[in-house]
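K.L.:
The structure is given below, and queries will be raised subsequently.
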Amino acid sequence: MRQVHADEYAEFATARAGHLYRSACLLTAGDTHLAEDLVQETLGRLYVRWPRMARVGNPAGYAQTVLTRAFLAHQRRRGSKERATDVFPDLPGAADGDASLRLTLLAALGRLPAKDRAVVVLRYWEDRSVEDTADVMNVSSAAVRTRCVRALARLRELLGEDLAEYARP
């Protein structure tokens, strides 16, 4: 890779790594080790393709797409849903807000199926449109809308109908 591309990639990776990590933590429902692996895999794939990134209009969006697809591929390969621990580690930035709220929300996200969790993260954390989310997940817009309805209903069931207690004042 030419030095110019290497410098551009290093600048991009430095600027986006934190956001990718936070998204990965949400996708993995707080599994920070898997989140780190997914970010590393994402940045590795981007590094290989970086010289051709000039054709991509939105490298940050492309990185998020690669991250989400890496997560979904990992979920398909994973033979077991067992976790090494039932206690979530402290996440970066957890001191900024209510730790019990974060843990409650991560636990609820963790109880969603992987594809429903990905839809929630893309639609409501990444603030993507239905069409963008469908493109990232390689599904139809109708499938995204269906998964959104299903995932939000499940979250309401897990968190209770009165979600106001979880909203920040």
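If you're wondering about the labels, chains in the structure tokens are A, B, ... by order shown, residues count from 1 in each chain, ligands from 1 in order shown.
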Would you kindly return, as a ChimeraX atom specification, each protein, DNA or RNA residue with an atom no farther than 12 Å from any atom of region 71-78 of chain A, considering only C-alpha atoms and excluding same-chain residues fewer than 5 positions away?
P.N.:
/A:20,23-29,31,34-42,64-66,83,113-119,121,136-138
K.L.:
Let's have the selection written as a tab-separated table (two decimals), in the first residue's frame, with N, CA and C atoms.
P.N.:
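What landed in again_6.tsv:
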chain	number	residue	atom	x	y	z
A	20	LEU	N	-16.92	2.31	16.12
A	20	LEU	CA	-17.11	0.91	15.73
A	20	LEU	C	-17.15	0.00	16.95
A	23	SER	N	-20.50	0.34	18.75
A	23	SER	CA	-21.53	-0.38	17.98
A	23	SER	C	-21.37	-1.88	18.16
A	24	ALA	N	-20.13	-2.36	18.13
A	24	ALA	CA	-19.87	-3.79	18.31
A	24	ALA	C	-20.29	-4.26	19.70
A	25	CYS	N	-20.07	-3.43	20.71
A	25	CYS	CA	-20.50	-3.79	22.07
A	25	CYS	C	-22.01	-3.94	22.13
A	26	LEU	N	-22.72	-3.08	21.45
A	26	LEU	CA	-24.18	-3.21	21.41
A	26	LEU	C	-24.60	-4.45	20.64
A	27	LEU	N	-23.97	-4.70	19.52
A	27	LEU	CA	-24.31	-5.89	18.74
A	27	LEU	C	-24.07	-7.17	19.53
A	28	THR	N	-22.99	-7.20	20.29
A	28	THR	CA	-22.63	-8.40	21.04
A	28	THR	C	-23.24	-8.42	22.43
A	29	ALA	N	-24.08	-7.44	22.73
A	29	ALA	CA	-24.74	-7.33	24.04
A	29	ALA	C	-23.73	-7.28	25.18
A	31	ASP	N	-20.38	-8.14	25.13
A	31	ASP	CA	-19.22	-9.03	25.06
A	31	ASP	C	-18.06	-8.23	24.47
A	34	LEU	N	-15.44	-10.13	22.15
A	34	LEU	CA	-15.94	-10.36	20.80
A	34	LEU	C	-16.05	-9.03	20.04
A	35	ALA	N	-16.45	-7.97	20.73
A	35	ALA	CA	-16.54	-6.65	20.10
A	35	ALA	C	-15.17	-6.22	19.57
A	36	GLU	N	-14.13	-6.42	20.37
A	36	GLU	CA	-12.78	-6.08	19.92
A	36	GLU	C	-12.39	-6.90	18.71
A	37	ASP	N	-12.72	-8.19	18.73
A	37	ASP	CA	-12.41	-9.06	17.59
A	37	ASP	C	-13.13	-8.59	16.33
A	38	LEU	N	-14.39	-8.22	16.47
A	38	LEU	CA	-15.16	-7.76	15.32
A	38	LEU	C	-14.61	-6.45	14.75
A	39	VAL	N	-14.20	-5.54	15.63
A	39	VAL	CA	-13.61	-4.28	15.16
A	39	VAL	C	-12.29	-4.56	14.46
A	40	GLN	N	-11.49	-5.45	15.03
A	40	GLN	CA	-10.22	-5.79	14.40
A	40	GLN	C	-10.44	-6.42	13.03
A	41	GLU	N	-11.40	-7.32	12.93
A	41	GLU	CA	-11.71	-7.94	11.64
A	41	GLU	C	-12.20	-6.89	10.64
A	42	THR	N	-13.04	-5.98	11.10
A	42	THR	CA	-13.55	-4.92	10.24
A	42	THR	C	-12.43	-4.04	9.72
A	64	GLN	N	-19.30	0.38	8.95
A	64	GLN	CA	-20.40	-0.12	9.79
A	64	GLN	C	-21.06	-1.33	9.14
A	65	THR	N	-21.19	-1.31	7.83
A	65	THR	CA	-21.75	-2.44	7.11
A	65	THR	C	-20.87	-3.67	7.27
A	66	VAL	N	-19.57	-3.50	7.13
A	66	VAL	CA	-18.63	-4.62	7.30
A	66	VAL	C	-18.71	-5.16	8.72
A	83	ARG	N	-21.99	-18.37	27.26
A	83	ARG	CA	-21.11	-17.24	27.53
A	83	ARG	C	-20.22	-17.62	28.71
A	113	PRO	N	-32.71	-12.18	19.39
A	113	PRO	CA	-31.97	-12.92	18.37
A	113	PRO	C	-30.97	-11.98	17.66
A	114	ALA	N	-29.90	-12.53	17.14
A	114	ALA	CA	-28.82	-11.73	16.56
A	114	ALA	C	-29.31	-10.77	15.48
A	115	LYS	N	-30.16	-11.23	14.59
A	115	LYS	CA	-30.63	-10.36	13.50
A	115	LYS	C	-31.53	-9.26	14.02
A	116	ASP	N	-32.36	-9.55	15.01
A	116	ASP	CA	-33.20	-8.52	15.61
A	116	ASP	C	-32.33	-7.48	16.33
A	117	ARG	N	-31.30	-7.95	17.02
A	117	ARG	CA	-30.38	-7.05	17.70
A	117	ARG	C	-29.67	-6.15	16.69
A	118	ALA	N	-29.25	-6.73	15.57
A	118	ALA	CA	-28.58	-5.94	14.54
A	118	ALA	C	-29.51	-4.87	13.98
A	119	VAL	N	-30.77	-5.21	13.78
A	119	VAL	CA	-31.74	-4.23	13.28
A	119	VAL	C	-31.90	-3.09	14.28
A	121	VAL	N	-29.78	-2.04	16.59
A	121	VAL	CA	-28.55	-1.23	16.64
A	121	VAL	C	-28.45	-0.35	15.40
A	136	VAL	N	-27.49	-3.20	4.39
A	136	VAL	CA	-26.42	-3.72	5.24
A	136	VAL	C	-26.63	-5.19	5.56
A	137	MET	N	-27.87	-5.56	5.82
A	137	MET	CA	-28.18	-6.92	6.24
A	137	MET	C	-28.52	-7.86	5.09
A	138	ASN	N	-28.53	-7.34	3.87
A	138	ASN	CA	-28.87	-8.15	2.70
A	138	ASN	C	-30.25	-8.78	2.81
K.L.:
Given the choices A:Gly160, A:Leu106, A:Ala60, A:Thr146, which gets closest to His19 (chain A) if the distance is worked out from only C-alpha atoms?
P.N.:
A:Ala60
K.L.:
Restricting the calculation to only C-alpha atoms, which member of A:Asp132, A:Gly30, A:Met53, A:Ala142 is positioned closest to Thr104 (chain A)?
P.N.:
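Looking only at the distances to Thr104 (chain A), the closest residue turns out to be A:Gly30.
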K.L.:
From a DSSP pass on the backbone, collect the residues of region 11-132 of chain A flagged as helix (DSSP H, G or I) and hand them back as a ChimeraX atom specification.
P.N.:
/A:11-27,32-55,59-77,94-96,99-110,114-125,130-132
K.L.:
Between A:Ala70, A:Leu158, A:Ala143, A:Leu46, which residue has the minimum interatomic distance to Arg111 (chain A), considering only C-alpha atoms?
P.N.:
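Of A:Ala70, A:Leu158, A:Ala143, A:Leu46, the one nearest Arg111 (chain A), counting only C-alpha atoms, is A:Leu158.
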K.L.:
Using only C-alpha atoms for the distances, tell me which of A:Arg145, A:Arg55, A:Ala108, A:Leu103 is nearest to Arg123 (chain A).
P.N.:
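Checking each of A:Arg145, A:Arg55, A:Ala108, A:Leu103 against Arg123 (chain A), counting only C-alpha atoms, the winner is A:Arg145.
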K.L.:
Mind giving me the straight-line distance from CA of Glu126 (chain A) to CA of His5 (chain A) in Å, one decimal?
P.N.:
26.8 Å
